[in-house]
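Below: final.txt (compact mmCIF, C-alpha atoms and all ligand atoms)
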# COMPACT_ATOMS: atom_id res chain seq x y z
CA MET A 299 -128.33 -173.38 33.51
CA ARG A 300 -128.28 -177.17 34.06
CA VAL A 301 -129.59 -177.90 37.52
CA ALA A 302 -129.56 -181.21 39.40
CA VAL A 303 -132.57 -181.15 41.72
CA PHE A 304 -132.11 -183.57 44.63
CA ASP A 305 -134.56 -185.20 47.05
CA THR A 306 -137.52 -184.60 44.78
CA HIS A 307 -141.11 -185.76 45.07
CA ALA A 308 -143.93 -185.28 42.57
CA TYR A 309 -144.99 -182.06 44.29
CA ASP A 310 -141.48 -180.53 43.98
CA ARG A 311 -141.44 -181.29 40.26
CA ARG A 312 -144.90 -179.81 39.76
CA PHE A 313 -144.16 -176.44 41.37
CA LEU A 314 -140.58 -176.07 40.05
CA ASP A 315 -141.63 -177.02 36.50
CA GLU A 316 -144.54 -174.55 36.64
CA ALA A 317 -142.23 -171.75 37.82
CA ASN A 318 -139.61 -172.62 35.17
CA GLN A 319 -142.13 -172.81 32.33
CA ALA A 320 -142.74 -169.05 32.08
CA ALA A 321 -139.14 -168.18 31.09
CA GLY A 322 -137.92 -171.72 30.40
CA ARG A 323 -134.36 -170.65 31.18
CA HIS A 324 -133.16 -173.67 33.12
CA ASP A 325 -132.77 -177.34 32.39
CA LEU A 326 -134.02 -178.97 35.59
CA VAL A 327 -133.16 -182.65 36.06
CA PHE A 328 -134.93 -184.28 38.99
CA PHE A 329 -133.30 -186.93 41.19
CA GLU A 330 -135.09 -188.77 43.98
CA PRO A 331 -132.04 -189.50 46.21
CA ARG A 332 -130.88 -187.02 48.79
CA LEU A 333 -127.61 -185.23 48.10
CA SER A 334 -124.66 -186.56 50.10
CA SER A 335 -121.05 -187.50 49.38
CA GLN A 336 -122.39 -190.84 48.07
CA THR A 337 -124.79 -189.25 45.56
CA ALA A 338 -122.81 -186.12 44.60
CA ALA A 339 -121.58 -187.89 41.44
CA LEU A 340 -125.11 -187.61 40.02
CA ALA A 341 -124.49 -183.85 39.72
CA GLU A 342 -121.36 -184.19 37.61
CA GLY A 343 -121.47 -181.64 34.77
CA PHE A 344 -124.36 -179.69 36.30
CA ASP A 345 -123.83 -175.95 36.93
CA ALA A 346 -126.02 -175.94 40.03
CA VAL A 347 -127.70 -178.21 42.54
CA CYS A 348 -131.08 -177.55 44.12
CA VAL A 349 -131.55 -179.11 47.56
CA PHE A 350 -133.88 -179.39 50.55
CA VAL A 351 -133.64 -179.70 54.36
CA ASN A 352 -132.24 -183.23 54.63
CA ASP A 353 -129.65 -183.05 51.84
CA HIS A 354 -126.11 -183.07 53.31
CA LEU A 355 -123.79 -180.40 51.97
CA ASP A 356 -120.83 -181.13 54.20
CA ALA A 357 -117.21 -180.48 53.18
CA GLU A 358 -116.86 -183.83 51.39
CA THR A 359 -120.05 -183.37 49.36
CA LEU A 360 -119.19 -179.78 48.43
CA ARG A 361 -115.69 -180.78 47.29
CA ALA A 362 -117.15 -183.61 45.18
CA LEU A 363 -119.68 -181.22 43.62
CA HIS A 364 -116.97 -178.66 42.91
CA ALA A 365 -114.76 -181.31 41.29
CA GLY A 366 -117.71 -182.22 39.03
CA GLY A 367 -118.09 -178.61 37.86
CA THR A 368 -120.93 -177.42 40.10
CA ARG A 369 -120.57 -173.82 41.24
CA SER A 370 -123.94 -172.90 42.77
CA VAL A 371 -126.34 -174.25 45.40
CA ALA A 372 -130.01 -173.26 45.48
CA LEU A 373 -131.63 -174.26 48.76
CA ARG A 374 -135.38 -174.58 48.41
CA CYS A 375 -135.87 -173.94 52.14
CA ALA A 376 -135.10 -171.26 54.74
CA GLY A 377 -132.87 -173.23 57.14
CA TYR A 378 -129.24 -173.86 56.13
CA ASN A 379 -127.81 -175.85 59.05
CA ASN A 380 -127.13 -178.66 56.52
CA VAL A 381 -124.58 -176.62 54.49
CA ASP A 382 -120.91 -176.08 55.41
CA LEU A 383 -120.87 -172.44 54.33
CA ALA A 384 -117.20 -171.91 55.19
CA VAL A 385 -116.17 -174.67 52.76
CA ALA A 386 -118.62 -173.46 50.09
CA HIS A 387 -117.05 -170.01 50.39
CA GLN A 388 -113.49 -171.40 50.18
CA LEU A 389 -114.53 -173.19 46.98
CA ARG A 390 -116.14 -169.96 45.70
CA MET A 391 -119.49 -171.72 45.38
CA ARG A 392 -122.54 -169.48 45.69
CA VAL A 393 -125.32 -170.57 48.06
CA ALA A 394 -128.77 -168.97 48.12
CA ARG A 395 -131.90 -169.92 50.03
CA VAL A 396 -135.60 -169.08 50.26
CA PRO A 397 -135.63 -166.95 53.42
CA ALA A 398 -139.41 -166.51 53.60
CA TYR A 399 -142.04 -168.33 51.61
CA SER A 400 -145.09 -168.27 53.81
CA PRO A 401 -144.75 -167.70 57.52
CA HIS A 402 -148.54 -168.10 57.65
CA ALA A 403 -148.29 -171.74 56.52
CA VAL A 404 -146.16 -172.71 59.53
CA ALA A 405 -147.99 -170.41 61.96
CA GLU A 406 -151.38 -171.82 60.97
CA HIS A 407 -150.12 -175.42 61.25
CA THR A 408 -148.81 -174.61 64.72
CA VAL A 409 -152.23 -173.37 65.78
CA ALA A 410 -153.85 -176.42 64.15
CA LEU A 411 -151.72 -178.67 66.40
CA ILE A 412 -152.63 -176.62 69.49
CA LEU A 413 -156.37 -176.78 68.75
CA ALA A 414 -156.30 -180.47 67.79
CA LEU A 415 -154.51 -181.34 71.03
CA ASN A 416 -156.55 -179.22 73.39
CA ARG A 417 -159.89 -180.46 72.00
CA LYS A 418 -158.57 -183.97 71.27
CA ILE A 419 -159.73 -183.83 67.66
CA HIS A 420 -157.42 -186.70 66.62
CA ARG A 421 -159.05 -189.04 69.14
CA ALA A 422 -162.59 -187.82 68.44
CA HIS A 423 -162.12 -188.38 64.70
CA GLN A 424 -161.05 -192.01 65.21
CA ARG A 425 -163.83 -192.72 67.71
CA VAL A 426 -166.65 -191.31 65.60
CA ARG A 427 -165.54 -193.34 62.58
CA GLU A 428 -165.88 -196.45 64.73
CA GLY A 429 -169.34 -195.46 65.91
CA ASN A 430 -168.14 -194.44 69.38
CA PHE A 431 -169.77 -191.17 70.39
CA ALA A 432 -168.78 -191.27 74.09
CA LEU A 433 -167.16 -188.11 75.44
CA ASP A 434 -165.08 -189.68 78.25
CA GLY A 435 -161.44 -188.83 77.72
CA LEU A 436 -162.19 -185.94 75.38
CA LEU A 437 -162.38 -183.19 78.01
CA GLY A 438 -160.53 -180.16 76.63
CA PHE A 439 -159.50 -176.75 77.85
CA GLU A 440 -160.14 -173.29 76.46
CA LEU A 441 -157.35 -171.09 75.15
CA GLN A 442 -159.20 -167.95 76.27
CA GLY A 443 -157.53 -166.75 79.45
CA ARG A 444 -154.62 -169.23 79.26
CA THR A 445 -150.99 -168.16 79.05
CA ALA A 446 -149.18 -169.03 75.82
CA GLY A 447 -145.40 -168.67 75.48
CA VAL A 448 -143.85 -168.05 72.07
CA ILE A 449 -140.09 -168.73 71.92
CA GLY A 450 -138.78 -166.87 68.87
CA THR A 451 -140.80 -164.01 67.38
CA GLY A 452 -139.38 -163.82 63.86
CA ARG A 453 -141.55 -164.19 60.77
CA ILE A 454 -143.37 -167.29 62.01
CA GLY A 455 -143.46 -166.60 65.76
CA VAL A 456 -144.98 -163.14 65.24
CA ASN A 457 -147.93 -164.69 63.41
CA VAL A 458 -148.38 -167.42 66.04
CA ALA A 459 -148.33 -164.78 68.82
CA ARG A 460 -150.87 -162.63 66.95
CA ILE A 461 -153.26 -165.56 66.42
CA LEU A 462 -152.97 -166.73 70.04
CA ALA A 463 -153.59 -163.17 71.28
CA SER A 464 -156.76 -163.12 69.17
CA PHE A 465 -157.95 -166.27 70.98
CA GLY A 466 -157.80 -164.27 74.22
CA CYS A 467 -154.55 -165.81 75.50
CA ARG A 468 -152.13 -163.87 77.64
CA VAL A 469 -149.14 -164.15 75.30
CA LEU A 470 -145.58 -164.16 76.62
CA ALA A 471 -142.66 -163.97 74.19
CA TYR A 472 -138.94 -164.55 74.33
CA ASP A 473 -136.46 -163.53 71.64
CA VAL A 474 -133.06 -161.85 71.44
CA VAL A 475 -134.74 -159.19 69.25
CA GLN A 476 -138.19 -157.82 70.10
CA ALA A 477 -140.85 -157.46 67.37
CA ASP A 478 -142.41 -154.00 67.91
CA GLU A 479 -145.60 -154.96 66.09
CA LEU A 480 -146.51 -157.40 68.89
CA GLU A 481 -147.00 -154.53 71.37
CA ARG A 482 -150.37 -153.74 69.80
CA TYR A 483 -151.56 -157.29 70.54
CA GLY A 484 -150.57 -156.97 74.20
CA VAL A 485 -147.75 -159.52 73.92
CA GLU A 486 -145.30 -159.25 76.85
CA TYR A 487 -141.59 -160.00 76.35
CA VAL A 488 -140.13 -161.88 79.32
CA ASP A 489 -136.97 -163.89 79.99
CA LEU A 490 -136.92 -167.55 78.98
CA ASP A 491 -137.23 -168.85 82.55
CA THR A 492 -140.37 -166.79 83.17
CA LEU A 493 -141.91 -167.88 79.87
CA ILE A 494 -141.31 -171.55 80.64
CA ALA A 495 -142.53 -171.26 84.24
CA GLU A 496 -145.78 -169.42 83.38
CA SER A 497 -146.96 -170.76 80.01
CA ASN A 498 -149.71 -173.37 79.67
CA VAL A 499 -148.83 -173.64 75.99
CA ILE A 500 -145.19 -173.32 74.87
CA THR A 501 -144.41 -173.09 71.17
CA LEU A 502 -140.95 -172.99 69.57
CA HIS A 503 -140.00 -170.74 66.63
CA VAL A 504 -136.26 -170.12 66.99
CA PRO A 505 -133.75 -171.56 64.51
CA LEU A 506 -131.61 -174.53 65.50
CA MET A 507 -128.16 -173.26 66.54
CA PRO A 508 -125.72 -174.29 69.26
CA GLU A 509 -127.38 -171.72 71.61
CA THR A 510 -130.88 -173.12 71.00
CA HIS A 511 -130.05 -176.85 70.88
CA HIS A 512 -132.24 -178.61 73.51
CA VAL A 513 -133.74 -175.32 74.67
CA ILE A 514 -136.39 -177.66 76.04
CA ASP A 515 -134.44 -180.11 78.19
CA ALA A 516 -135.21 -182.01 81.42
CA ASP A 517 -134.72 -178.84 83.46
CA ALA A 518 -137.16 -176.85 81.28
CA VAL A 519 -139.70 -179.69 81.47
CA ALA A 520 -139.45 -179.64 85.28
CA ARG A 521 -140.05 -175.85 85.38
CA MET A 522 -143.18 -175.85 83.16
CA PRO A 523 -146.60 -175.58 84.81
CA ARG A 524 -147.85 -179.14 85.35
CA GLY A 525 -149.78 -180.34 82.30
CA ALA A 526 -148.34 -177.74 79.91
CA MET A 527 -148.66 -178.27 76.17
CA LEU A 528 -145.44 -178.20 74.12
CA ILE A 529 -145.42 -177.52 70.37
CA ASN A 530 -142.40 -177.72 68.07
CA THR A 531 -142.79 -176.83 64.40
CA SER A 532 -139.27 -175.39 64.10
CA ARG A 533 -136.41 -177.94 64.21
CA GLY A 534 -136.24 -181.26 66.07
CA GLY A 535 -132.98 -180.46 67.85
CA LEU A 536 -134.63 -177.74 69.93
CA VAL A 537 -136.23 -180.43 72.08
CA ASP A 538 -134.58 -183.19 74.12
CA THR A 539 -137.09 -185.85 73.08
CA ARG A 540 -136.18 -188.28 75.87
CA ALA A 541 -136.73 -185.59 78.52
CA VAL A 542 -140.13 -184.75 77.04
CA ILE A 543 -141.09 -188.45 76.96
CA ASP A 544 -140.26 -188.63 80.69
CA GLY A 545 -142.42 -185.52 81.17
CA LEU A 546 -145.31 -187.12 79.27
CA LYS A 547 -145.03 -190.29 81.37
CA SER A 548 -145.16 -188.35 84.64
CA GLY A 549 -147.94 -186.00 83.46
CA GLN A 550 -145.67 -182.95 83.77
CA VAL A 551 -146.08 -182.46 80.01
CA GLY A 552 -149.82 -182.52 79.33
CA SER A 553 -149.61 -182.83 75.55
CA LEU A 554 -147.11 -182.59 72.73
CA GLY A 555 -147.43 -181.50 69.12
CA LEU A 556 -144.45 -182.06 66.82
CA ASP A 557 -143.93 -181.33 63.16
CA VAL A 558 -140.20 -181.92 63.48
CA TYR A 559 -138.13 -184.53 65.29
CA GLU A 560 -134.46 -184.76 66.23
CA GLU A 561 -133.87 -187.89 64.14
CA GLU A 562 -136.45 -187.16 61.44
CA GLU A 563 -133.99 -187.61 58.60
CA ALA A 564 -134.35 -191.40 58.66
CA ILE A 565 -138.16 -191.25 58.88
CA PHE A 566 -139.85 -188.22 57.34
CA PHE A 567 -140.74 -187.43 53.72
CA GLN A 568 -141.19 -191.10 52.76
CA ASP A 569 -143.86 -193.80 52.94
CA LEU A 570 -142.75 -196.26 55.63
CA SER A 571 -146.18 -197.80 56.15
CA ASP A 572 -144.84 -201.28 55.25
CA ALA A 573 -141.65 -200.93 57.30
CA ILE A 574 -140.87 -201.57 60.96
CA ILE A 575 -139.88 -198.31 62.66
CA GLN A 576 -136.43 -198.91 64.13
CA ASP A 577 -136.29 -195.70 66.17
CA ASP A 578 -137.61 -196.73 69.61
CA VAL A 579 -137.78 -193.14 70.90
CA PHE A 580 -139.97 -192.13 67.97
CA ALA A 581 -142.10 -195.26 68.34
CA ARG A 582 -142.63 -194.39 72.05
CA LEU A 583 -143.80 -190.91 71.07
CA LEU A 584 -146.43 -192.41 68.78
CA SER A 585 -147.78 -194.54 71.63
CA PHE A 586 -149.08 -191.58 73.67
CA PRO A 587 -152.74 -190.57 73.19
CA ASN A 588 -151.83 -186.94 73.95
CA VAL A 589 -149.15 -186.62 71.26
CA ILE A 590 -149.67 -185.57 67.65
CA VAL A 591 -146.81 -185.87 65.18
CA THR A 592 -146.92 -184.55 61.63
CA GLY A 593 -144.04 -185.27 59.25
CA HIS A 594 -142.51 -181.83 58.65
CA GLN A 595 -145.53 -180.61 56.71
CA ALA A 596 -146.08 -177.23 58.37
CA PHE A 597 -144.68 -175.42 55.31
CA PHE A 598 -146.69 -177.51 52.86
CA THR A 599 -149.35 -175.26 51.34
CA GLU A 600 -150.00 -174.25 47.72
CA THR A 601 -148.94 -170.68 48.47
CA ALA A 602 -145.70 -171.71 50.14
CA MET A 603 -144.76 -174.24 47.43
CA ARG A 604 -145.37 -171.64 44.72
CA ASN A 605 -143.30 -169.03 46.59
CA ILE A 606 -140.47 -171.54 47.18
CA ALA A 607 -140.36 -172.44 43.48
CA GLU A 608 -140.46 -168.81 42.31
CA THR A 609 -137.67 -167.69 44.66
CA THR A 610 -135.58 -170.75 43.77
CA LEU A 611 -135.91 -169.98 40.06
CA ALA A 612 -135.03 -166.31 40.70
CA ASN A 613 -131.92 -167.50 42.60
CA LEU A 614 -130.92 -169.68 39.63
CA ASP A 615 -131.43 -166.69 37.29
CA GLY A 616 -129.16 -164.63 39.56
CA PHE A 617 -126.47 -167.33 39.58
CA GLU A 618 -126.56 -167.54 35.78
CA ASP A 619 -126.47 -163.75 35.33
CA GLY A 620 -123.73 -163.28 37.92
CA ALA A 621 -126.09 -160.92 39.74
CA ALA A 622 -125.99 -160.10 43.46
CA LEU A 623 -128.75 -161.86 45.41
CA GLU A 624 -130.36 -160.75 48.66
CA THR A 625 -131.05 -164.40 49.38
CA GLU A 626 -127.38 -165.37 49.17
CA LEU A 627 -125.72 -166.82 52.28
CA GLN A 628 -122.35 -165.59 53.43
CA PRO A 629 -120.16 -167.50 55.89
CA ALA A 630 -120.38 -166.23 59.47
P1 LIG A 701 -136.84 -165.95 61.55
O1 LIG A 701 -135.39 -165.88 61.27
O2 LIG A 701 -137.75 -164.94 60.94
O3 LIG A 701 -137.08 -165.89 63.14
C1 LIG A 701 -136.25 -166.53 64.07
C2 LIG A 701 -136.29 -165.73 65.36
O4 LIG A 701 -135.49 -166.42 66.31
C3 LIG A 701 -135.70 -164.32 65.21
O5 LIG A 701 -136.61 -163.36 65.70
C4 LIG A 701 -134.41 -164.37 66.03
O6 LIG A 701 -134.12 -163.12 66.67
C5 LIG A 701 -134.76 -165.44 67.05
N1 LIG A 701 -133.58 -166.04 67.64
C6 LIG A 701 -132.46 -166.46 67.00
N2 LIG A 701 -131.60 -166.96 67.88
C7 LIG A 701 -132.18 -166.88 69.11
C8 LIG A 701 -131.78 -167.23 70.43
N3 LIG A 701 -130.59 -167.79 70.66
N4 LIG A 701 -132.62 -166.99 71.44
C9 LIG A 701 -133.82 -166.41 71.21
N5 LIG A 701 -134.26 -166.05 69.99
C10 LIG A 701 -133.45 -166.28 68.96
O7 LIG A 701 -137.28 -167.42 61.20
P2 LIG A 701 -138.75 -167.94 60.85
O8 LIG A 701 -139.01 -167.76 59.40
O9 LIG A 701 -139.72 -167.38 61.84
O10 LIG A 701 -138.55 -169.50 61.10
C11 LIG A 701 -138.28 -170.02 62.38
C12 LIG A 701 -137.86 -171.46 62.25
O11 LIG A 701 -138.95 -172.23 61.78
C13 LIG A 701 -136.76 -171.72 61.20
O12 LIG A 701 -135.47 -171.51 61.75
C14 LIG A 701 -136.98 -173.13 60.80
O13 LIG A 701 -136.16 -173.95 61.62
C15 LIG A 701 -138.45 -173.38 61.16
N6 LIG A 701 -139.27 -173.69 59.99
C16 LIG A 701 -140.00 -174.83 60.00
C17 LIG A 701 -140.80 -175.17 58.92
C18 LIG A 701 -141.66 -176.40 58.90
O14 LIG A 701 -142.17 -176.78 57.84
N7 LIG A 701 -141.88 -177.07 60.02
C19 LIG A 701 -140.84 -174.31 57.81
C20 LIG A 701 -140.09 -173.13 57.84
C21 LIG A 701 -139.30 -172.83 58.94
Just give me the structure of the file as structure tokens.
Ligand code: NAD
Amino acid sequence: MRVAVFDTHAYDRRFLDEANQAAGRHDLVFFEPRLSSQTAALAEGFDAVCVFVNDHLDAETLRALHAGGTRSVALRCAGYNNVDLAVAHQLRMRVARVPAYSPHAVAEHTVALILALNRKIHRAHQRVREGNFALDGLLGFELQGRTAGVIGTGRIGVNVARILASFGCRVLAYDVVQADELERYGVEYVDLDTLIAESNVITLHVPLMPETHHVIDADAVARMPRGAMLINTSRGGLVDTRAVIDGLKSGQVGSLGLDVYEEEEAIFFQDLSDAIIQDDVFARLLSFPNVIVTGHQAFFTETAMRNIAETTLANLDGFEDGAALETELQPA
């Protein structure tokens, strides 16, 4: 199968080529641009496209792909909020994703942000490199005995809750479906208001949907315990960034760890070190000493990249063979 792989970096090529080498079934052609209606013409004559989180598969793009002969879409990610599934279905285009590649990668990155923020590792690292060994400003807090709230206990949230319970936290959880396995770690399911009101650390692991958009808004910020830590490694749109900035300015939010950002599309996954950041909200975030931002890298481990590539290749095999795929997305 001829596959146009969009939004690729050297690391995507490495893992996809390695996974393809074993059977050598597919002709993968790598393109750096993101897929959109403007770049869809690059896929003309290709049977399938392979895309990532910031490629835009709206109605216009899907129709352009279909007109060029493309019939299948292999998402190399779990989220699919960037695909108009209803239109894909109308066009009889198949869409498959990688539902789980390593929940541990994201869970461990979440905990890395929590620990870096509460012990101020980012500040200590910079100071020590400049020969400053003073401790003023580095006073941390212990997780043992603190209350941590996990919003969303699916594949990733379950692992975050388990790790936080092992630190000796009282762990509160909120989800529309309860994960039975968390009972053995003493995790208590509560309603969202209780979780927000009682948690010293709040971490988000629900998908971005209309119901979860801005789940952390100005009202939620006001109801948190003063000085609470907020972590978002899920999707930027879960957090009203301006409300959280106000919370940081007033001290209501004690610290913030983000791996995702509402407007990340214009910023993340590229080297902008020579550019002037035009997004003033993002620039304000970077000015706080108690904020750590990573550029959507929580998934980025060897294990996860290998799993993503292997599932993506299996999805392409299924498309070519006309086989049913468990990873295939159906319109709602
Ligand atoms: P999952 O589907 O296993 O879990 C999501 C959980 O959210 C489920 O338990 C579901 O019941 C719950 N949920 C859904 N709607 C809800 C609602 N309205 N209220 C409360 N709970 C609700 O997903 P996952 O694999 O754990 O991933 C979670 C999210 O993490 C993904 O949606 C994705 O946005 C994000 N993610 C980020 C990265 C990264 O690199 N930063 C990587 C992978 C996934």
Between A:Val474, A:Val591, A:Val371, A:Leu363, which is the closest to Thr625 of chain A once you count all atoms listed in the file?
->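 Comparing A:Val474, A:Val591, A:Val371, A:Leu363 against Thr625 of chain A, the winner is A:Val371.
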Measuring atom to atom with only C-alpha atoms, identify which of A:Val519, A:Asn613, A:His511, A:Ile543 is nearest to Asp491 of chain A.
->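 Of A:Val519, A:Asn613, A:His511, A:Ile543, the one nearest Asp491 of chain A is A:Val519, counting only C-alpha atoms.
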In Å, with one decimal, what is the gap from atom CA of Thr501 of chain A to atom CA of Thr592 of chain A?
->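 Taking atom CA of Thr501 of chain A and atom CA of Thr592 of chain A, their separation equals 15.1 Å.
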Enumerate residues in contact with ligand LIG 701 (chain A): an atom-to-atom distance of at most 7 Å, counting only C-alpha atoms and all ligand atoms. Format the result as a PyMOL selection string.
-> chain A and resi 376-377+397-398+401+404+449-455+472-475+503-506+509-510+531-533+557-558+594-598
Please identify all polymer residues lying at most 7 Å from the point (-128.5, -167.1, 43.3) (file coordinates), using all atoms listed in the file, and present the result as a list in words.
-> Ala372, Arg392, Val393, Ala394, Asn613, Leu614, Asp615, Gly616, Phe617, Leu623 and Glu626 of chain A
Nearest to Glu406 of chain A: which of A:Ile574, A:Ala459, A:Leu546, A:Phe313 is it, counting all atoms listed in the file?
->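 Counting all atoms listed in the file, the residue closest to Glu406 of chain A is A:Ala459.
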Do you know which residues are at most 9 Å from Asp382 of chain A counting only C-alpha atoms, after dropping those on the same chain fewer than 2 positions away, and could you put them as a PDB file with C-alpha atoms, in the coordinates of the input?
ATOM      1  CA  HIS A 354    -126.110-183.070  53.310  1.00  0.00           C
ATOM      2  CA  LEU A 355    -123.790-180.400  51.970  1.00  0.00           C
ATOM      3  CA  ASP A 356    -120.830-181.130  54.200  1.00  0.00           C
ATOM      4  CA  ALA A 357    -117.210-180.480  53.180  1.00  0.00           C
ATOM      5  CA  LEU A 360    -119.190-179.780  48.430  1.00  0.00           C
ATOM      6  CA  TYR A 378    -129.240-173.860  56.130  1.00  0.00           C
ATOM      7  CA  ASN A 379    -127.810-175.850  59.050  1.00  0.00           C
ATOM      8  CA  ASN A 380    -127.130-178.660  56.520  1.00  0.00           C
ATOM      9  CA  ALA A 384    -117.200-171.910  55.190  1.00  0.00           C
ATOM     10  CA  VAL A 385    -116.170-174.670  52.760  1.00  0.00           C
ATOM     11  CA  ALA A 386    -118.620-173.460  50.090  1.00  0.00           C
ATOM     12  CA  HIS A 387    -117.050-170.010  50.390  1.00  0.00           C
ATOM     13  CA  PRO A 629    -120.160-167.500  55.890  1.00  0.00           C
TER      14      PRO A 629
END
Expected answer as a VMD selection string: all residues with atoms within 12 Å of (-140.1, -193.0, 50.1), all atoms listed in the file | chain A and resid 305 to 308 330 to 332 563 to 573
What gap, in Å, lies between atom CA of Pro523 of chain A and atom CA of Pro508 of chain A?
->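 These atoms are spaced 26.1 Å apart.
Restricting the calculation to all atoms listed in the file, the smallest distance between Ile419 of chain A and any of A:Phe344, A:Pro587, A:Ser400, A:Ile514 is found for A:Pro587.
Distance check against Leu528 of chain A using all atoms listed in the file: of A:Thr368, A:Asn416, A:Asn605, A:Ser548, the minimum falls on A:Asn416.
The space between atom CA of Glu316 of chain A and atom CA of Ala612 of chain A spans 13.2 Å.
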For Gly545 of chain A: contacts at 10 Å, only C-alpha atoms, fewer than 6 positions along chain excluded, given as a count of residues only = 11
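Residue nearest Tyr559 of chain A, chosen from A:Ala607, A:Val537, A:Leu383, A:Val542 and counting all atoms listed in the file: A:Val537.
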Within 7 Å of Arg468 of chain A, counting all atoms listed in the file, which residues show up once you throw out same-chain ones fewer than 4 positions away? Write them as JSON, numbers by chain, please.
-> {"A": [443, 444, 445, 446, 463]}
